[in-house]
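Enquirer: Mind having a look at this structure? Questions to follow.
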Amino acid sequence: MNNTAVFVGNFEVREARTPGIVEGRAIVFNSVANLGWYDEVIDPHALDNADLRDVRLCLNHDTSFVYARSRNNNENSTMHLMINEGGMDIRAQLDIENSPMAQSFDSAIERKDIDKMSFMFIVNRDEWADLESDHPKRTILEIGRVLEVSAVTFPAYEATNIQA
């Protein structure tokens with residue numbers, strides 16, 4: 001079990017890790033991602049009307065195995081989505097008791113072998129700037145749907161994170 005210790009005077013407060021719980025920021029607003037021939041930024045209002053009714057948690061965008069799922073972000077979901085001023089955060093409960101793949105996924109995140117995230121989405125509206133330059137900028141203004149979020153080895157957005 002991994003514990004976080006905080007020392008206050010002569011007292012020690014420990015926060016025990018709940019096995020199988022992972023949290024992270026899958027989408028970051030106003031952060032620049034260099035996607036090779038262009039930069040991309042997600043506008044802070046891009047998720048205002050997005051379809052988030054059925055979002056899956058995967059590893060490296062491999063949709064053949066789902067580790068958790070948000071269905072209408074309700075109490076029966078194994079993943080919950082929270083949109084705030086910085087982006088979209090997730091909190092997921094992995095089935096580490098019944099799934100060796102989920103155990104391995106949880107372990108890689110706990111060890112920080114995997115510590116970033118990404119997402120698969122449909123763009124409804126974007127805006128391009130500096131198209132005459134060698135490196136234009138794309139701003140995602142409106143996301144139509146988020147299909148999945150992934151813990152990833154190589155993120156587009158370095159400001160993302162995931163932790164156990």
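Going through the structure tokens in order, the chains are called A, B, and so on, while each chain numbers its residues from 1 and the ligands are numbered from 1 in the order shown.
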Just list the residues in chain A DSSP gives helix (DSSP H, G or I) on the backbone, as a ChimeraX atom specification.
Expert: /A:100-110
Enquirer: With N, CA and C atoms retained, export the selected residues as a compact mmCIF listing (two decimals), in the first residue's frame.
Expert:
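Result file follows (selection.txt):
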# COMPACT_ATOMS: atom_id res chain seq x y z
N PRO A 100 -6.74 -9.10 -14.48
CA PRO A 100 -5.28 -8.94 -14.48
C PRO A 100 -4.81 -7.73 -15.31
N MET A 101 -5.55 -7.42 -16.37
CA MET A 101 -5.19 -6.24 -17.18
C MET A 101 -5.37 -4.96 -16.37
N ALA A 102 -6.45 -4.89 -15.60
CA ALA A 102 -6.68 -3.71 -14.76
C ALA A 102 -5.63 -3.63 -13.66
N GLN A 103 -5.21 -4.78 -13.11
CA GLN A 103 -4.15 -4.79 -12.11
C GLN A 103 -2.86 -4.22 -12.68
N SER A 104 -2.52 -4.65 -13.88
CA SER A 104 -1.30 -4.17 -14.54
C SER A 104 -1.39 -2.68 -14.85
N PHE A 105 -2.54 -2.24 -15.32
CA PHE A 105 -2.80 -0.82 -15.62
C PHE A 105 -2.63 0.01 -14.36
N ASP A 106 -3.26 -0.42 -13.27
CA ASP A 106 -3.17 0.27 -11.99
C ASP A 106 -1.72 0.34 -11.50
N SER A 107 -1.00 -0.77 -11.63
CA SER A 107 0.40 -0.82 -11.20
C SER A 107 1.27 0.15 -12.00
N ALA A 108 1.08 0.21 -13.31
CA ALA A 108 1.87 1.11 -14.16
C ALA A 108 1.62 2.57 -13.80
N ILE A 109 0.39 2.88 -13.43
CA ILE A 109 0.07 4.25 -13.03
C ILE A 109 0.63 4.54 -11.64
N GLU A 110 0.48 3.59 -10.72
CA GLU A 110 1.00 3.80 -9.37
C GLU A 110 2.52 3.98 -9.38
Enquirer: Considering only C-alpha atoms, return as a PyMOL selection string whatever protein or nucleic-acid residues lie within 10 Å of region 50-59 of chain A, sequence-local ones (same chain, fewer than 5 positions apart) excluded.
Expert: chain A and resi 26+45+64-74+77-81+90+92+94+105+114+117-124+142-153
Enquirer: To one decimal place in Å, what is the distance between CA of Pro155 (chain A) and CA of Glu85 (chain A)?
Expert: 20.6 Å
Enquirer: Name the residues of chain A that come out as strand (DSSP E or B) in a backbone DSSP run; write them as a ChimeraX atom specification.
Expert: /A:3-8,11-16,21-28,33-34,39-42,51,54-59,62,68-71,79-84,87-93,116-129,137-152,161-163
Enquirer: Any idea what's packed within 10 Å of Arg138 (chain A), counting only C-alpha atoms, ignoring anything in its chain fewer than 3 positions away? Could you give it as a list in words?
Expert: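 Contacts, in chain order: Val32, Ala33, Leu35, Tyr38, Asp39, Glu40, Val41, Ile42, Asp126, Glu127, Trp128, Ala129, Asp130, Leu131, His135 and Leu141 of chain A.
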